[in-house]
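Printed here is structure.txt (compact mmCIF, C-alpha atoms):
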```txt
# COMPACT_ATOMS: atom_id res chain seq x y z
CA MET A 1 121.69 105.86 70.16
CA LYS A 2 122.00 109.60 69.58
CA ILE A 3 119.35 112.18 68.77
CA LYS A 4 119.67 115.12 66.40
CA LEU A 5 116.89 117.67 66.04
CA HIS A 6 116.43 119.68 62.85
CA ALA A 7 113.98 122.61 62.83
CA TYR A 8 112.61 123.95 59.53
CA ASN A 9 110.18 126.61 58.39
CA LEU A 10 108.73 125.16 55.20
CA GLU A 11 107.46 127.67 52.65
CA LEU A 12 104.27 126.73 50.81
CA LYS A 13 103.63 127.20 47.09
CA HIS A 14 100.37 128.98 47.85
CA THR A 15 98.70 130.47 50.93
CA PHE A 16 96.96 127.50 52.54
CA THR A 17 93.53 128.32 53.93
CA ILE A 18 91.02 126.12 55.72
CA SER A 19 87.84 127.12 57.55
CA ARG A 20 89.68 128.31 60.68
CA GLU A 21 93.13 129.55 59.60
CA SER A 22 95.55 130.56 56.82
CA HIS A 23 99.32 130.26 56.55
CA ASN A 24 102.19 130.63 54.07
CA PHE A 25 104.79 128.71 56.08
CA GLN A 26 104.68 125.43 57.99
CA SER A 27 107.23 124.97 60.77
CA SER A 28 108.40 121.40 61.20
CA LEU A 29 110.67 119.31 63.40
CA ILE A 30 112.76 116.46 61.98
CA VAL A 31 114.06 113.95 64.52
CA GLU A 32 117.13 111.96 63.46
CA LEU A 33 118.10 108.90 65.51
CA THR A 34 121.52 107.40 64.83
CA ASP A 35 122.80 104.06 66.05
CA GLY A 36 125.39 101.61 64.76
CA GLY A 37 125.98 103.49 61.52
CA PHE A 38 122.26 103.73 60.73
CA SER A 39 120.01 106.81 60.78
CA GLY A 40 116.25 106.91 61.21
CA PHE A 41 114.14 109.99 60.45
CA GLY A 42 110.80 111.17 61.78
CA GLU A 43 108.77 114.35 61.47
CA ALA A 44 106.02 116.34 63.13
CA THR A 45 104.74 119.79 62.19
CA SER A 46 103.58 122.57 64.48
CA ASN A 47 99.84 123.19 64.83
CA PRO A 48 98.13 126.14 66.57
CA TYR A 49 94.79 124.28 66.82
CA TYR A 50 96.49 121.69 69.07
CA HIS A 51 98.87 124.22 70.72
CA ILE A 52 101.94 122.51 69.30
CA THR A 53 105.10 124.40 68.37
CA VAL A 54 108.54 123.24 67.25
CA THR A 55 109.87 124.81 70.46
CA ASN A 56 107.67 122.82 72.83
CA MET A 57 108.38 119.62 70.85
CA MET A 58 112.12 120.18 71.17
CA GLU A 59 111.80 121.06 74.87
CA ILE A 60 110.05 117.84 75.83
CA ILE A 61 112.50 115.74 73.80
CA HIS A 62 115.48 117.44 75.44
CA LYS A 63 113.88 116.97 78.87
CA ASN A 64 113.66 113.20 78.33
CA LEU A 65 116.81 112.76 76.26
CA SER A 66 118.64 110.25 78.46
CA PHE A 67 115.59 108.02 78.83
CA ILE A 68 114.86 108.07 75.09
CA THR A 69 118.41 107.06 74.20
CA SER A 70 118.33 104.24 76.78
CA LEU A 71 115.60 102.52 74.72
CA ALA A 72 117.80 101.86 71.68
CA ASP A 73 117.43 98.07 71.81
CA GLU A 74 113.67 97.93 72.35
CA HIS A 75 111.05 96.88 69.81
CA PRO A 76 109.21 99.93 68.33
CA THR A 77 105.96 99.06 70.14
CA VAL A 78 107.79 98.91 73.48
CA PHE A 79 109.68 102.12 72.66
CA TRP A 80 106.35 103.88 72.11
CA GLN A 81 104.70 102.31 75.15
CA LYS A 82 107.48 103.44 77.48
CA LEU A 83 107.53 107.00 76.09
CA GLN A 84 103.76 107.59 75.92
CA PRO A 85 103.30 108.41 79.65
CA LEU A 86 105.98 111.10 79.34
CA PHE A 87 104.65 112.51 76.06
CA HIS A 88 100.89 112.22 76.54
CA ASN A 89 100.57 116.03 76.44
CA ASN A 90 102.68 116.33 73.28
CA LEU A 91 101.89 113.43 70.97
CA PHE A 92 103.30 115.38 68.02
CA ALA A 93 106.81 115.11 69.52
CA LEU A 94 106.18 111.43 70.25
CA CYS A 95 105.12 110.99 66.61
CA ALA A 96 108.45 112.32 65.32
CA LEU A 97 110.34 110.01 67.69
CA ASP A 98 108.18 107.00 66.87
CA ILE A 99 108.56 107.39 63.10
CA ALA A 100 112.32 107.85 63.46
CA PHE A 101 112.61 104.78 65.68
CA ASN A 102 110.50 102.62 63.34
CA ASP A 103 112.67 103.83 60.47
CA LEU A 104 115.88 103.07 62.36
CA TYR A 105 114.62 99.65 63.48
CA ALA A 106 113.67 98.60 59.94
CA ARG A 107 116.96 99.86 58.51
CA LYS A 108 118.86 97.78 61.08
CA LYS A 109 116.81 94.78 59.95
CA GLY A 110 117.66 95.54 56.31
CA LYS A 111 113.98 95.87 55.31
CA LYS A 112 111.47 98.41 54.11
CA LEU A 113 108.95 99.10 56.86
CA TYR A 114 105.91 97.75 55.00
CA ASP A 115 107.86 94.54 54.35
CA LEU A 116 108.82 94.24 58.01
CA TRP A 117 105.11 94.56 58.83
CA GLY A 118 104.21 91.88 56.27
CA LEU A 119 101.96 94.19 54.20
CA ASN A 120 101.19 93.75 50.49
CA ILE A 121 101.58 96.98 48.47
CA ASN A 122 99.97 95.72 45.24
CA LYS A 123 96.61 97.45 45.80
CA ASN A 124 97.70 100.74 47.35
CA PRO A 125 95.27 103.67 46.97
CA MET A 126 96.25 106.86 45.16
CA THR A 127 96.67 110.13 47.02
CA ASP A 128 94.46 113.14 46.55
CA TYR A 129 95.79 116.68 46.06
CA THR A 130 94.43 119.46 48.27
CA ILE A 131 92.89 122.70 47.04
CA GLY A 132 92.76 125.19 49.92
CA ILE A 133 90.05 127.82 50.35
CA ASP A 134 90.56 130.82 48.08
CA SER A 135 88.65 132.88 45.54
CA ILE A 136 86.87 130.61 43.07
CA GLU A 137 89.14 131.91 40.32
CA ASN A 138 92.26 131.02 42.29
CA MET A 139 90.93 127.59 43.27
CA VAL A 140 90.31 126.80 39.60
CA ALA A 141 93.82 128.05 38.77
CA LYS A 142 95.36 125.81 41.46
CA MET A 143 93.51 122.83 40.06
CA LYS A 144 94.66 123.58 36.53
CA GLU A 145 98.23 124.06 37.78
CA LEU A 146 98.37 120.40 38.76
CA PRO A 147 95.87 118.15 36.93
CA TRP A 148 95.15 115.26 39.29
CA PRO A 149 92.81 112.23 39.46
CA ILE A 150 91.54 113.03 42.99
CA TYR A 151 91.15 116.43 44.64
CA LYS A 152 90.50 117.18 48.30
CA ILE A 153 88.69 120.52 48.39
CA LYS A 154 88.69 122.61 51.56
CA LEU A 155 85.35 124.26 52.28
CA GLY A 156 83.59 126.09 55.11
CA THR A 157 82.62 129.32 53.33
CA LYS A 158 79.34 131.06 52.49
CA ASN A 159 79.51 129.90 48.87
CA ASP A 160 80.66 126.27 49.14
CA ILE A 161 78.25 124.84 46.56
CA GLU A 162 79.13 127.60 44.11
CA ILE A 163 82.81 126.72 44.52
CA VAL A 164 82.36 123.00 43.83
CA THR A 165 79.95 123.69 40.96
CA GLU A 166 82.58 125.84 39.24
CA LEU A 167 85.45 123.43 39.95
CA ARG A 168 83.42 120.59 38.49
CA LYS A 169 83.22 122.46 35.18
CA HIS A 170 87.00 122.17 34.86
CA SER A 171 87.66 118.58 35.99
CA ASN A 172 86.22 115.06 35.90
CA ALA A 173 88.40 114.07 38.86
CA ILE A 174 87.06 112.53 42.06
CA PHE A 175 86.23 115.29 44.56
CA ARG A 176 86.51 114.88 48.32
CA ILE A 177 85.29 117.64 50.63
CA ASP A 178 86.85 118.71 53.94
CA ALA A 179 84.92 121.39 55.82
CA ASN A 180 87.19 121.30 58.91
CA CYS A 181 84.29 121.64 61.39
CA GLY A 182 82.91 124.59 59.42
CA TRP A 183 79.24 123.59 58.90
CA THR A 184 76.07 123.36 60.98
CA ILE A 185 74.09 120.12 60.99
CA ASP A 186 71.36 121.52 58.71
CA LYS A 187 73.92 122.89 56.26
CA ALA A 188 75.83 119.60 56.26
CA ILE A 189 72.73 117.56 55.41
CA GLU A 190 71.63 120.02 52.71
CA ASN A 191 75.12 120.19 51.20
CA SER A 192 75.52 116.41 51.18
CA TYR A 193 72.72 116.04 48.62
CA LYS A 194 73.94 118.88 46.43
CA LEU A 195 77.53 117.68 46.56
CA LYS A 196 76.58 114.10 45.76
CA GLU A 197 75.06 115.39 42.50
CA LEU A 198 78.40 117.10 41.80
CA GLY A 199 80.32 113.83 42.02
CA VAL A 200 81.73 114.19 45.54
CA GLU A 201 82.97 110.95 47.14
CA PHE A 202 82.71 111.80 50.85
CA LEU A 203 82.59 114.60 53.42
CA GLU A 204 85.36 114.96 56.00
CA GLN A 205 84.55 116.40 59.44
CA PRO A 206 81.73 118.81 58.51
CA LEU A 207 80.73 119.45 62.15
CA LYS A 208 82.59 120.54 65.26
CA ALA A 209 84.40 117.66 66.97
CA ASN A 210 82.26 117.82 70.13
CA ASP A 211 78.91 117.87 68.31
CA ILE A 212 77.91 114.29 69.12
CA GLU A 213 74.16 114.77 68.62
CA GLY A 214 74.81 116.48 65.30
CA ALA A 215 77.09 113.63 64.21
CA LYS A 216 74.36 111.08 65.02
CA LYS A 217 71.82 113.01 62.95
CA LEU A 218 74.22 113.53 60.06
CA PHE A 219 75.26 109.86 60.02
CA LYS A 220 71.60 108.86 59.53
CA ASN A 221 70.62 111.62 57.06
CA SER A 222 73.67 112.41 54.91
CA ALA A 223 73.63 111.51 51.24
CA LEU A 224 77.40 110.98 51.42
CA PRO A 225 79.74 109.01 53.72
CA ILE A 226 81.16 111.04 56.61
CA ILE A 227 84.83 110.66 57.60
CA ALA A 228 86.05 111.72 61.06
CA ASP A 229 89.17 113.85 61.43
CA GLU A 230 89.08 116.25 64.40
CA SER A 231 86.75 113.74 66.11
CA CYS A 232 89.35 110.95 65.84
CA ILE A 233 92.61 111.95 67.52
CA VAL A 234 93.85 109.03 69.63
CA GLU A 235 93.27 105.27 69.78
CA SER A 236 90.28 105.41 72.13
CA ASP A 237 88.44 107.69 69.68
CA VAL A 238 88.07 105.01 66.99
CA GLU A 239 85.38 103.06 68.83
CA LYS A 240 83.65 106.32 69.78
CA CYS A 241 83.38 107.16 66.07
CA ALA A 242 81.60 103.90 65.22
CA GLY A 243 77.96 104.72 64.50
CA LEU A 244 78.75 108.42 64.14
CA PHE A 245 81.03 108.27 61.09
CA HIS A 246 81.47 105.93 58.15
CA GLY A 247 85.25 106.12 58.38
CA VAL A 248 88.19 107.71 60.17
CA ASN A 249 91.07 109.85 58.99
CA VAL A 250 94.07 109.05 61.20
CA LYS A 251 96.76 111.72 61.52
CA LEU A 252 100.08 110.33 62.74
CA THR A 253 101.07 113.60 64.40
CA LYS A 254 97.87 113.72 66.44
CA CYS A 255 97.85 110.10 67.65
CA GLY A 256 101.58 109.84 68.36
CA GLY A 257 103.09 108.11 65.35
CA LEU A 258 103.05 104.98 63.22
CA THR A 259 102.75 102.59 66.16
CA PRO A 260 99.34 103.80 67.44
CA GLY A 261 98.25 104.89 63.96
CA LYS A 262 98.56 101.35 62.64
CA ARG A 263 96.54 100.01 65.58
CA MET A 264 93.82 102.64 64.96
CA LEU A 265 93.49 101.60 61.32
CA LEU A 266 93.23 97.92 62.21
CA LYS A 267 90.58 98.70 64.84
CA ALA A 268 88.58 100.78 62.34
CA LYS A 269 88.69 97.95 59.81
CA GLU A 270 87.58 95.53 62.51
CA LEU A 271 84.59 97.82 63.18
CA GLY A 272 83.70 97.89 59.48
CA MET A 273 84.74 101.53 58.96
CA LYS A 274 86.59 103.05 56.04
CA THR A 275 90.24 103.90 56.70
CA MET A 276 92.20 106.98 55.73
CA VAL A 277 95.46 108.66 56.72
CA GLY A 278 95.96 112.38 56.21
CA CYS A 279 99.00 114.62 56.37
CA MET A 280 99.72 117.93 58.10
CA THR A 281 101.81 119.49 55.31
CA GLU A 282 104.87 117.48 56.27
CA SER A 283 107.94 117.23 54.09
CA THR A 284 108.81 114.00 52.29
CA ILE A 285 110.10 112.60 55.61
CA GLY A 286 106.63 112.47 57.16
CA ILE A 287 104.95 111.65 53.85
CA SER A 288 107.29 108.68 53.28
CA ALA A 289 106.24 107.28 56.66
CA ILE A 290 102.55 107.45 55.68
CA ALA A 291 103.31 105.46 52.51
CA HIS A 292 104.02 102.32 54.54
CA LEU A 293 100.43 102.30 55.84
CA LEU A 294 98.92 102.41 52.34
CA PRO A 295 98.01 98.70 52.25
CA LEU A 296 95.68 99.31 55.22
CA LEU A 297 93.89 102.28 53.63
CA ASP A 298 90.84 102.99 51.54
CA TYR A 299 91.81 106.65 51.05
CA VAL A 300 94.94 108.71 51.60
CA ASP A 301 95.84 112.39 51.68
CA MET A 302 99.65 112.53 51.52
CA ASP A 303 100.30 115.54 49.31
CA GLY A 304 102.28 117.54 51.90
CA GLY A 305 105.53 117.55 49.92
CA LEU A 306 103.67 118.63 46.77
CA LEU A 307 102.34 121.71 48.56
CA LEU A 308 105.84 122.97 49.45
CA LYS A 309 107.76 125.50 47.42
CA LYS A 310 110.94 123.54 48.18
CA ASP A 311 111.15 120.15 49.88
CA ILE A 312 113.88 119.40 52.43
CA ALA A 313 113.95 115.65 51.90
CA LYS A 314 113.80 112.85 49.39
CA GLY A 315 112.06 109.50 49.66
CA ILE A 316 108.79 108.36 48.14
CA ARG A 317 107.73 109.83 44.79
CA ILE A 318 104.23 110.80 43.72
CA GLU A 319 103.16 111.09 40.10
CA ASN A 320 99.55 111.71 39.10
CA GLY A 321 98.39 110.34 42.44
CA VAL A 322 100.44 107.11 42.29
CA ILE A 323 103.00 106.57 45.06
CA SER A 324 106.36 104.90 44.34
CA TYR A 325 108.66 103.77 47.14
CA SER A 326 112.30 104.68 47.56
CA GLU A 327 114.95 101.98 47.11
CA LYS A 328 116.14 102.63 50.68
CA ASN A 329 115.09 100.54 53.65
CA GLY A 330 113.02 101.78 56.58
CA ILE A 331 110.63 104.52 55.51
CA GLY A 332 113.05 105.21 52.64
CA ALA A 333 113.56 108.93 53.29
CA SER A 334 116.49 111.20 54.09
CA LEU A 335 117.23 114.89 54.37
CA LEU A 336 118.65 116.63 51.31
```
Encoded form using structure tokens:
Amino acid sequence: MKIKLHAYNLELKHTFTISRESHNFQSSLIVELTDGGFSGFGEATSNPYYHITVTNMMEIIHKNLSFITSLADEHPTVFWQKLQPLFHNNLFALCALDIAFNDLYARKKGKKLYDLWGLNINKNPMTDYTIGIDSIENMVAKMKELPWPIYKIKLGTKNDIEIVTELRKHSNAIFRIDANCGWTIDKAIENSYKLKELGVEFLEQPLKANDIEGAKKLFKNSALPIIADESCIVESDVEKCAGLFHGVNVKLTKCGGLTPGKRMLLKAKELGMKTMVGCMTESTIGISAIAHLLPLLDYVDMDGGLLLKKDIAKGIRIENGVISYSEKNGIGASLL
């Protein structure tokens, strides 16, 4: 098995702003594993909040190159298990490797990944489309640019209710709110009632990740379901979120890939929590990987490729929120 690393700086259609940062470009690492005439692809993006760069992802992969390639004949769960101790400080890099290896493994087996897992795709959820923080006028314009059945609206400003009130005038779509840790407990409770009246479905991570007492209070007093994001990073976090959140949003890059991500979703379902997977503005490589978890999800945010000015890959297709799979095996994606 050989490893090829492809670094990209993906340009976004619009400046993407959340409560703590803004950016126009998203740097990303594509890992390509080749073996026996087959290629598997995986992806992870950089993230300043988690101190992850394409450079430090490439460095740790290069450092462990010989060991990674020696695992070519392992099952994906064993591959991940053997690499995790070496990559525990850079799970983003492990994510790219894990997705690529799952892709390669399924392609060798001549199957799509969801089929290899024995999952039924007949009741897959639709994806939302994200509207980043901007002037109200620009947020309305972004929404009109791409009419969609479900919008995820980034908040964490001084005029959040005003924003949603105005957006609601222009769309009957389902609204989901993501404050990215940008609210206080009192503001979160107050906003939950106002936003429920505006047709919002749920609130994602309104409070800071370490605000356990606030999460307890919000869980009991919110008018809307609360979904964990920054509070649910790795597998051990799922059980910690039970009783504090109504559901979890699993990010493959944060937890280390499809292998642990799938286990997290199954654990959340076992605990009676809602399940969601979100993206980190990946290209269609990373987004295609998410698609194979759809049968396990209540909600999904996999619009990364739609937010790019120009994609670098092809694979799954999304039209008006509905996801269609590629004809190719594995995750069904490849670089253009």
(message) Ranking A:Ala179, A:Val238, A:Ala313, A:Leu119 by minimum distance to Pro295 in chain A and counting all atoms listed in the file, which one comes first?
(response)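 Using all atoms listed in the file, the shortest distance to Pro295 in chain A belongs to A:Leu119.
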Query raised in the report: Which residue out of A:Glu204, A:Asp98, A:Asp160, A:Glu270 has the minimum interatomic distance to Cys255 in chain A when all atoms listed in the file are used?
Result: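 Ranking A:Glu204, A:Asp98, A:Asp160, A:Glu270 by distance to Cys255 in chain A, first place goes to A:Asp98.
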Edge lengths and centre in Å, axis-aligned, range 136-149 of chain A plus 5 Å each side, as JSON:
```
{"center_x": 92.6, "center_y": 122.1, "center_z": 39.9, "size_x": 21.5, "size_y": 29.7, "size_z": 16.7}
```
One decimal place gives the CA of Lys220 in chain A-CA of Ala242 in chain A separation as 12.5 Å
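The nearest approach to Leu86 in chain A among the residues A:Asn159, A:Leu65, A:Val277, A:Ile233, with all atoms listed in the file taken into account, belongs to A:Leu65.
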Asp311 in chain A surroundings by all atoms listed in the file, 8 Å radius, close-in-sequence under 4 positions cut, as a PyMOL selection string
chain A and resi 10+283-284+305
